[in-house]
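Working notes, beginning with the structure itself.
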Amino acid sequence: MDRGTERDTPPSRGAGSGTAPEPADTGRVPLAVVVVDRLGLVSHWSSGARRLFGVAKDEAIGRHAIDLLPVSGALPDIDDGLPYGEYAPVDGLGPGLGNSLDGGLGYPAAGRARLTVPERSERGIAPAEGSGRDRVDVLWWAYPLVGPGSERLLVLAADAEALHRDDGSRVERIAPGFALHTDFPGAEDLARRLPEILPSMSVGESARIVAQVLELGYPILEFSQNDRVPVTPDWGVARRVERTARRERAARAEAAGRPLPREPDDEGEDLEYVAVRERLEFLNEVSGKIGTSLDLARTIGEVSRAVVPRFTDVAGTYLREQVVAGEGFPDGVPDTRTMWHRVALEHTDEPGRWDDVVPVGEAMPFPAHTPFFQCMTSGEPVLVPRISERMGHAIASQFEKRDIRPLITGRSMLVVPLKARHVVLGFMILLRHPERAEFNDMDRVTGAELAARAGLVLDNARMYTYQESVAETLQDSMLPHIPPRMAGCDIATRYLPGTLLGRIGGDWFDSVKLPGARTALVVGDVMGHGLNSAAMMGQLRTAVQTMAALDLPPAQLLRNLDDLAQRLGETYLATCLYAVYDPIASELHLANAGHIPPVLVRADDGRSELLDLPTGAPIGVGGVPFEAVRVRVAPGDRLVMCTDGLVEMRGEDIGVGLATLCESAAHPAASMDDACDTIIRALNTRGGRKDDVALLLARLNGIEPDDVAEWTFPLAPAQVGRARAVVREQLHGWGLAKLAGPAELMVSEVVTNAVRHSHGRPVTLRLVRGDALLCEVDDDDHEMPTLLSAGPDDEVGRGLRVVSTLAREWGTSRTAAGKSVWFELTLPRR
């Protein structure tokens, strides 16, 4: 056929095919769309079907499709010269439409039929311009539908007469066919446009049908062996263009004094199309306005503001109290005891009219007789065309001392559930002013789609809030709550998550009280992020605390920690910096396992420096030795330990971050917390940080020699009395006479045990006055003492029970020579 004939064929818009040029809009063929259910009854009848077959929608819905689409049987071949009233399928595409309607279709079929249809004028439908015929040449495509819905057949049909050229000549040969979307790009246009002409279905159902159509084959028109033009569902375009032209002709005729008769059917012919278009535009607009953040409160406000005033005049949003709190809630249908929080209220009334009567934040249950209870228990929208006086009174009865009847009576109401994963999270109450059009069935469908989208967004925000709360709780439980004052030092810490979406990480810090008034300071970083890293961090932190309590040297502790990581799993790697501060000897003992070095700020001149430590390998590498160094410090010096997330920035050398750390750490500050904040601000404002941050800052105050007293006693029972005497004298000298009595009693018990169990070396007694009074007794016996249950006739076993009762804290630890037993007493307030 020649290109002049092709010019009048349906458009290849979106097809990307160069075989068929774009025709004018007036050449587009409206599609008739019919959906048939499993009983063979029509469940959807588009306006295009109304025009093509001459049957109104109200008469078509619920009738047998065979009665409305009089096509049955099949002829073997297609022939453009077929007599009217005869029909045939496309060659090789299976049975005719009649067989399809009988339910025997298991694959797509297409055909061309000459049908005899009722006179349109007999149906009360004004004939289209130039029509009045009762025979139509129909091109049709039929698709079997599968899935959970009741729809079982989709029929697309087009009027072949619309393909006539302007001069009345016929296209030489035209046949409907299919093309797989994988090799025919026009499928993209069908996926975008076809749902718009299935207005009686939900978005999910229409999307399911379109997906099956694309899988079975895109509808096309075949004009020759090589030319295939896609059928696009540009329903209504030709009619709108035609109507515009008729209006122009009518205007010219009226101006000339020869008015044309009005054609009322034309005005309403595209109302379905316009309504569906507006509905989809509204839903797309709402979808763009909600869900812009995972903040639950913000999301609630977005959902309420999205529907006022375009869809409704008043929108009240109610959520379960567990949803508001970001918590989970039990399964099952809500009941009359379920509490619902009013979380948002948007309206177009005068300001303040609703605020006092139905304030935001109020929580209440809803009785079973209300439409709200029906909505939340059924999970389906509830439409009340007008709220009567009786219903207004029933609703107002639950608002004590507040009359809401003037606000609701006479208004149209739509209650839509907010659902996610088949669970009702809440509902929205939508009200329209009495002078506005009532909510109708299409509004019910639109409201349901709106609620479905809003429910998913709210559930995402709820889950994020819940997970964020769980993450914060987990992280808080894993990170220690370090006291601000330890023996001879002050401590401040900070922890910052790497991202807002990942509040759990593997960074940690810790401090452990050691014998001899010493303190262990730890900072570590498990490589990776998330729950796995946090779990590994928890195991390593517990192991460090346990081994630190055994008073293991720093290098040996890291060696044991590395062995533990090997047993936990080969994929675990972590860095760790372990330091022991001795405030009496004014010394730091440090070991490093692949961690960034600490910063030491000198108190005398304010100079800061990175401590030069042997780097070592990360924990988990295995087989690598660790070395420890000792660093002399002075009272007032500050030690800064942090993880690499604080100093590493994407695209920047780590040396820049370390230099900034040294500079900010040396900045004078009024308190330890201010010093931490200064460091965080200096390094966190550069941007680009993606990792967690753990920061520990310790001010090394030291313990003055005058606050330490030490004695050595030979292994003789008489030395116990001498020990009591020197303790009493020392405490009186320090002005702690009130502590002399309990201190003497406990020293007597501990020294007695040491003298009795020692193997030859003298017993050492030391008193340290710091934030508390510390007493330590060392001997050369390696067996650790334990509390015993002493009976009334037992002569031994009461010593440690006396210590446990009188002391604020007490404990034992191993030493290189044996063991140490210590206890603390709280100093009186000065």
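Residues in the structure tokens are numbered from 1 in each chain, the chains being A, B, ... in the order shown, and ligands are numbered from 1 in the order shown.
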With 9 Å as the cut-off and only C-alpha atoms counted, what is the closest atom pair between each nearby residue of segment 581-615 of chain A and segment 480-492 of chain A? Distances in Å to one decimal, ordered by chain and number, as a Markdown table.
```
| residue | atom | partner | partner_atom | distance |
| --- | --- | --- | --- | --- |
| A:Tyr581 | CA | A:Cys489 | CA | 8.7 |
| A:Asp582 | CA | A:Gly488 | CA | 8.2 |
| A:Pro583 | CA | A:Gly488 | CA | 5.4 |
| A:Ile584 | CA | A:Gly488 | CA | 8.1 |
```
Would you save the residues from that selection as a PDB file, in the first residue's frame, using all heavy atoms?
```pdb
ATOM      1  N   TYR A 581      46.172   4.308  83.066  1.00  0.00           N
ATOM      2  CA  TYR A 581      46.672   5.520  83.716  1.00  0.00           C
ATOM      3  C   TYR A 581      46.899   5.244  85.197  1.00  0.00           C
ATOM      4  O   TYR A 581      45.988   4.825  85.908  1.00  0.00           O
ATOM      5  CB  TYR A 581      45.684   6.668  83.546  1.00  0.00           C
ATOM      6  CG  TYR A 581      46.046   7.901  84.340  1.00  0.00           C
ATOM      7  CD1 TYR A 581      47.313   8.484  84.222  1.00  0.00           C
ATOM      8  CD2 TYR A 581      45.137   8.483  85.218  1.00  0.00           C
ATOM      9  CE1 TYR A 581      47.647   9.616  84.953  1.00  0.00           C
ATOM     10  CE2 TYR A 581      45.455   9.608  85.944  1.00  0.00           C
ATOM     11  CZ  TYR A 581      46.720  10.162  85.816  1.00  0.00           C
ATOM     12  OH  TYR A 581      47.051  11.269  86.548  1.00  0.00           O
ATOM     13  N   ASP A 582      48.142   5.504  85.642  1.00  0.00           N
ATOM     14  CA  ASP A 582      48.519   5.365  87.055  1.00  0.00           C
ATOM     15  C   ASP A 582      48.672   6.763  87.626  1.00  0.00           C
ATOM     16  O   ASP A 582      49.669   7.452  87.369  1.00  0.00           O
ATOM     17  CB  ASP A 582      49.827   4.591  87.182  1.00  0.00           C
ATOM     18  CG  ASP A 582      50.149   4.237  88.631  1.00  0.00           C
ATOM     19  OD1 ASP A 582      49.626   4.912  89.536  1.00  0.00           O
ATOM     20  OD2 ASP A 582      50.924   3.294  88.853  1.00  0.00           O
ATOM     21  N   PRO A 583      47.686   7.236  88.399  1.00  0.00           N
ATOM     22  CA  PRO A 583      47.764   8.621  88.894  1.00  0.00           C
ATOM     23  C   PRO A 583      48.827   8.814  89.982  1.00  0.00           C
ATOM     24  O   PRO A 583      49.245   9.943  90.231  1.00  0.00           O
ATOM     25  CB  PRO A 583      46.362   8.862  89.439  1.00  0.00           C
ATOM     26  CG  PRO A 583      45.863   7.515  89.832  1.00  0.00           C
ATOM     27  CD  PRO A 583      46.467   6.555  88.869  1.00  0.00           C
ATOM     28  N   ILE A 584      49.233   7.736  90.622  1.00  0.00           N
ATOM     29  CA  ILE A 584      50.255   7.867  91.665  1.00  0.00           C
ATOM     30  C   ILE A 584      51.636   7.958  91.031  1.00  0.00           C
ATOM     31  O   ILE A 584      52.455   8.803  91.404  1.00  0.00           O
ATOM     32  CB  ILE A 584      50.172   6.678  92.636  1.00  0.00           C
ATOM     33  CG1 ILE A 584      48.788   6.678  93.326  1.00  0.00           C
ATOM     34  CG2 ILE A 584      51.285   6.736  93.662  1.00  0.00           C
ATOM     35  CD1 ILE A 584      48.552   5.476  94.210  1.00  0.00           C
TER      36      ILE A 584
END
```
Query raised in the report: Which neighbours of Gly645 of chain A fall inside 6 Å, counting only C-alpha atoms, when residues of the same chain fewer than 6 positions from it are skipped, and could you give them as an MDAnalysis selection string?
Result: chainID A and resid 691:693
Taking N, CA, C and O atoms for each residue, export the selection above as a PDB file, in the first residue's frame.
```pdb
ATOM      1  N   ASP A 691      31.202   7.747  58.823  1.00  0.00           N
ATOM      2  CA  ASP A 691      31.433   6.681  59.787  1.00  0.00           C
ATOM      3  C   ASP A 691      31.013   7.133  61.178  1.00  0.00           C
ATOM      4  O   ASP A 691      30.843   8.334  61.446  1.00  0.00           O
ATOM      5  N   ASP A 692      30.868   6.157  62.085  1.00  0.00           N
ATOM      6  CA  ASP A 692      30.560   6.471  63.475  1.00  0.00           C
ATOM      7  C   ASP A 692      31.762   7.149  64.132  1.00  0.00           C
ATOM      8  O   ASP A 692      32.906   7.035  63.677  1.00  0.00           O
ATOM      9  N   VAL A 693      31.460   7.834  65.229  1.00  0.00           N
ATOM     10  CA  VAL A 693      32.512   8.532  65.977  1.00  0.00           C
ATOM     11  C   VAL A 693      32.381   8.179  67.444  1.00  0.00           C
ATOM     12  O   VAL A 693      31.291   8.292  68.026  1.00  0.00           O
TER      13      VAL A 693
END
```
Query - helix (DSSP H, G or I) call set, DSSP backbone run, segment 541-675 of chain A, as a VMD selection string - result: chain A and resid 541 to 549 554 to 568 644 to 646 654 to 665 672 to 675
Could you please take those selected residues and save N, CA and C atoms as a tab-separated table (two decimals), in the first residue's frame?
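Okay, again-v3.tsv is ready:
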```tsv
chain	number	residue	atom	x	y	z
A	541	ARG	N	33.98	-5.62	73.76
A	541	ARG	CA	33.97	-4.73	74.92
A	541	ARG	C	33.88	-5.52	76.22
A	542	THR	N	33.02	-6.54	76.23
A	542	THR	CA	32.91	-7.38	77.42
A	542	THR	C	34.22	-8.11	77.71
A	543	ALA	N	34.86	-8.59	76.65
A	543	ALA	CA	36.13	-9.28	76.83
A	543	ALA	C	37.19	-8.34	77.39
A	544	VAL	N	37.24	-7.11	76.89
A	544	VAL	CA	38.22	-6.14	77.39
A	544	VAL	C	37.97	-5.85	78.87
A	545	GLN	N	36.71	-5.66	79.25
A	545	GLN	CA	36.41	-5.41	80.66
A	545	GLN	C	36.87	-6.57	81.54
A	546	THR	N	36.62	-7.79	81.08
A	546	THR	CA	36.97	-8.96	81.88
A	546	THR	C	38.49	-9.07	82.03
A	547	MET	N	39.20	-8.91	80.92
A	547	MET	CA	40.66	-9.04	80.98
A	547	MET	C	41.30	-7.86	81.70
A	548	ALA	N	40.70	-6.66	81.61
A	548	ALA	CA	41.24	-5.52	82.35
A	548	ALA	C	41.09	-5.74	83.85
A	549	ALA	N	39.97	-6.35	84.27
A	549	ALA	CA	39.77	-6.62	85.70
A	549	ALA	C	40.81	-7.60	86.22
A	554	PRO	N	48.84	-4.13	79.04
A	554	PRO	CA	48.17	-3.74	77.78
A	554	PRO	C	48.52	-4.62	76.60
A	555	ALA	N	49.79	-4.93	76.37
A	555	ALA	CA	50.17	-5.75	75.22
A	555	ALA	C	49.58	-7.15	75.33
A	556	GLN	N	49.60	-7.73	76.54
A	556	GLN	CA	49.04	-9.06	76.72
A	556	GLN	C	47.53	-9.06	76.54
A	557	LEU	N	46.88	-7.99	76.99
A	557	LEU	CA	45.43	-7.91	76.82
A	557	LEU	C	45.06	-7.90	75.33
A	558	LEU	N	45.78	-7.12	74.53
A	558	LEU	CA	45.48	-7.10	73.09
A	558	LEU	C	45.79	-8.44	72.45
A	559	ARG	N	46.81	-9.11	72.93
A	559	ARG	CA	47.14	-10.43	72.40
A	559	ARG	C	45.98	-11.40	72.66
A	560	ASN	N	45.46	-11.40	73.88
A	560	ASN	CA	44.33	-12.27	74.21
A	560	ASN	C	43.07	-11.88	73.43
A	561	LEU	N	42.87	-10.57	73.23
A	561	LEU	CA	41.70	-10.10	72.48
A	561	LEU	C	41.78	-10.56	71.02
A	562	ASP	N	42.97	-10.55	70.47
A	562	ASP	CA	43.16	-11.02	69.10
A	562	ASP	C	42.85	-12.52	68.99
A	563	ASP	N	43.28	-13.28	69.97
A	563	ASP	CA	42.97	-14.71	69.97
A	563	ASP	C	41.46	-14.95	70.04
A	564	LEU	N	40.78	-14.15	70.86
A	564	LEU	CA	39.33	-14.28	70.98
A	564	LEU	C	38.65	-13.97	69.65
A	565	ALA	N	39.07	-12.90	68.97
A	565	ALA	CA	38.48	-12.54	67.69
A	565	ALA	C	38.68	-13.64	66.67
A	566	GLN	N	39.80	-14.34	66.73
A	566	GLN	CA	40.03	-15.46	65.82
A	566	GLN	C	39.00	-16.56	66.04
A	567	ARG	N	38.66	-16.78	67.30
A	567	ARG	CA	37.70	-17.83	67.60
A	567	ARG	C	36.27	-17.40	67.25
A	568	LEU	N	36.00	-16.10	67.34
A	568	LEU	CA	34.65	-15.63	67.02
A	568	LEU	C	34.35	-15.70	65.54
A	644	ASP	N	38.50	6.53	64.00
A	644	ASP	CA	38.90	7.22	62.77
A	644	ASP	C	37.76	7.95	62.09
A	645	GLY	N	36.49	7.66	62.47
A	645	GLY	CA	35.38	8.38	61.87
A	645	GLY	C	35.42	9.87	62.14
A	646	LEU	N	36.14	10.29	63.20
A	646	LEU	CA	36.22	11.70	63.53
A	646	LEU	C	37.22	12.44	62.65
A	654	ILE	N	44.17	11.70	55.73
A	654	ILE	CA	43.88	11.60	57.16
A	654	ILE	C	44.78	12.50	57.98
A	655	GLY	N	45.95	12.88	57.42
A	655	GLY	CA	46.84	13.78	58.14
A	655	GLY	C	46.20	15.12	58.42
A	656	VAL	N	45.32	15.59	57.51
A	656	VAL	CA	44.62	16.85	57.74
A	656	VAL	C	43.69	16.73	58.95
A	657	GLY	N	42.98	15.61	59.04
A	657	GLY	CA	42.10	15.41	60.18
A	657	GLY	C	42.86	15.29	61.49
A	658	LEU	N	43.99	14.59	61.48
A	658	LEU	CA	44.78	14.46	62.70
A	658	LEU	C	45.34	15.81	63.14
A	659	ALA	N	45.75	16.65	62.18
A	659	ALA	CA	46.25	17.98	62.52
A	659	ALA	C	45.13	18.82	63.13
A	660	THR	N	43.92	18.72	62.57
A	660	THR	CA	42.79	19.46	63.13
A	660	THR	C	42.44	18.94	64.52
A	661	LEU	N	42.56	17.62	64.72
A	661	LEU	CA	42.31	17.05	66.05
A	661	LEU	C	43.29	17.61	67.07
A	662	CYS	N	44.57	17.67	66.74
A	662	CYS	CA	45.58	18.21	67.66
A	662	CYS	C	45.29	19.67	67.98
A	663	GLU	N	44.93	20.43	66.94
A	663	GLU	CA	44.68	21.86	67.14
A	663	GLU	C	43.46	22.10	68.01
A	664	SER	N	42.38	21.38	67.75
A	664	SER	CA	41.16	21.59	68.53
A	664	SER	C	41.29	21.06	69.94
A	665	ALA	N	42.07	19.97	70.13
A	665	ALA	CA	42.26	19.43	71.48
A	665	ALA	C	43.05	20.39	72.37
A	672	MET	N	35.22	19.74	80.79
A	672	MET	CA	35.52	18.60	79.94
A	672	MET	C	34.48	18.47	78.82
A	673	ASP	N	33.22	18.72	79.14
A	673	ASP	CA	32.18	18.65	78.12
A	673	ASP	C	32.38	19.71	77.05
A	674	ASP	N	32.78	20.91	77.47
A	674	ASP	CA	33.06	21.96	76.49
A	674	ASP	C	34.23	21.58	75.60
A	675	ALA	N	35.24	20.93	76.18
A	675	ALA	CA	36.39	20.49	75.38
A	675	ALA	C	35.97	19.46	74.33
```
Query raised in the report: Between atom CA of Thr446 of chain A and atom CA of Thr299 of chain A, what is the spacing in Å?
Result: 19.7 Å
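Distance-wise, atom CA of Gly217 of chain A and atom CA of Val136 of chain A end up 25.3 Å apart.
Near Asn532 of chain A, within 10 Å and counting only C-alpha atoms, sit Ile504, Gly505, Gly506, Val526, Met527, Met537, Gly538 and Tyr572 of chain A, not including residues fewer than 5 positions from it in the same chain.
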Query raised in the report: Which polymer residues have any atom within 9 Å of an atom of segment 406-419 of chain A, counting only C-alpha atoms, with same-chain residues fewer than 6 positions away left out, as a PyMOL selection string?
Result: chain A and resi 319+353-354+371-372+375-376+378-393+425-439+443-444+447-448+450-456+458-459
Leu52 of chain A surroundings by only C-alpha atoms, 8 Å radius, close-in-sequence under 5 positions cut, as a CSV table (one decimal) with N, CA and C atoms, in the first residue's frame:
```csv
chain,number,residue,atom,x,y,z
A,32,ALA,N,-12.7,1.0,22.4
A,32,ALA,CA,-13.7,0.5,23.3
A,32,ALA,C,-13.1,-0.5,24.2
A,136,VAL,N,-21.3,-2.0,11.9
A,136,VAL,CA,-19.9,-1.5,12.2
A,136,VAL,C,-18.9,-2.5,11.8
A,158,ALA,N,-12.0,-1.4,18.1
A,158,ALA,CA,-11.9,-0.1,17.5
A,158,ALA,C,-12.7,-0.2,16.2
A,159,ASP,N,-13.2,1.0,15.8
A,159,ASP,CA,-14.1,1.1,14.6
A,159,ASP,C,-13.2,1.2,13.4
```
Requested in this report: Within 7 Å of Ala179 of chain A, counting only C-alpha atoms, which residues show up once you throw out same-chain ones fewer than 5 positions away? Write them as a ChimeraX atom specification, please.
Outcome: /A:184,217-220
Go ahead and write the residues just picked, all heavy atoms, as a compact mmCIF listing (two decimals), in the first residue's frame.
```txt
# COMPACT_ATOMS: atom_id res chain seq x y z
N PHE A 184 8.87 -4.36 20.59
CA PHE A 184 7.98 -3.34 20.04
C PHE A 184 7.80 -2.24 21.09
O PHE A 184 7.07 -2.41 22.06
CB PHE A 184 6.63 -3.96 19.67
CG PHE A 184 5.88 -3.14 18.66
CD1 PHE A 184 6.17 -3.28 17.32
CD2 PHE A 184 4.91 -2.24 19.05
CE1 PHE A 184 5.49 -2.52 16.38
CE2 PHE A 184 4.23 -1.49 18.12
CZ PHE A 184 4.53 -1.63 16.78
N GLY A 217 1.19 -9.67 24.59
CA GLY A 217 1.46 -9.04 23.31
C GLY A 217 0.73 -7.72 23.17
O GLY A 217 -0.42 -7.58 23.54
N TYR A 218 1.43 -6.74 22.59
CA TYR A 218 0.90 -5.41 22.43
C TYR A 218 -0.05 -5.38 21.22
O TYR A 218 0.27 -5.93 20.17
CB TYR A 218 2.06 -4.44 22.21
CG TYR A 218 1.68 -3.00 22.27
CD1 TYR A 218 1.77 -2.29 23.46
CD2 TYR A 218 1.23 -2.35 21.13
CE1 TYR A 218 1.43 -0.96 23.50
CE2 TYR A 218 0.87 -1.03 21.17
CZ TYR A 218 0.98 -0.32 22.36
OH TYR A 218 0.64 0.99 22.41
N PRO A 219 -1.23 -4.74 21.31
CA PRO A 219 -2.15 -4.68 20.16
C PRO A 219 -1.60 -3.78 19.05
O PRO A 219 -1.18 -2.66 19.31
CB PRO A 219 -3.44 -4.10 20.76
CG PRO A 219 -2.99 -3.34 21.95
CD PRO A 219 -1.82 -4.06 22.50
N ILE A 220 -1.62 -4.30 17.84
CA ILE A 220 -1.11 -3.55 16.70
C ILE A 220 -2.06 -3.69 15.53
O ILE A 220 -2.96 -4.54 15.53
CB ILE A 220 0.29 -4.03 16.28
CG1 ILE A 220 0.23 -5.51 15.91
CG2 ILE A 220 1.33 -3.77 17.34
CD1 ILE A 220 1.49 -6.03 15.25
```
Query - Residue set, segment 614-734 of chain A restricted to strand (DSSP E), as a list in words - result: Ala628, Val629, Arg630, Val631, Arg632, Asp637, Arg638, Leu639, Val640, Met641, Cys642, Val693, Ala694, Leu695, Leu696, Leu697, Ala698, Arg699, Leu700, Val708, Ala709, Glu710, Trp711, Thr712 and Phe713 of chain A
Query - Point-to-point distance in Å for atom CA of Ile61 of chain A and atom CA of Pro176 of chain A - result: 26.2 Å
Requested in this report: Compile the contact shell of segment 616-618 of chain A as a ChimeraX atom specification: residues with an atom at most 7 Å away, counting only C-alpha atoms, same-chain residues fewer than 3 positions apart removed.
Outcome: /A:573-575,592-594,621,624,626
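Nearest residue to Arg769 of chain A, choosing from A:Val357, A:Trp810, A:Leu827, A:Asp707 and counting only C-alpha atoms: A:Asp707.
Between Gly528 of chain A and the candidates A:Asp507, A:Leu611, A:Asn284, A:Leu514, the tightest atom-to-atom separation, counting only C-alpha atoms, involves A:Asp507.
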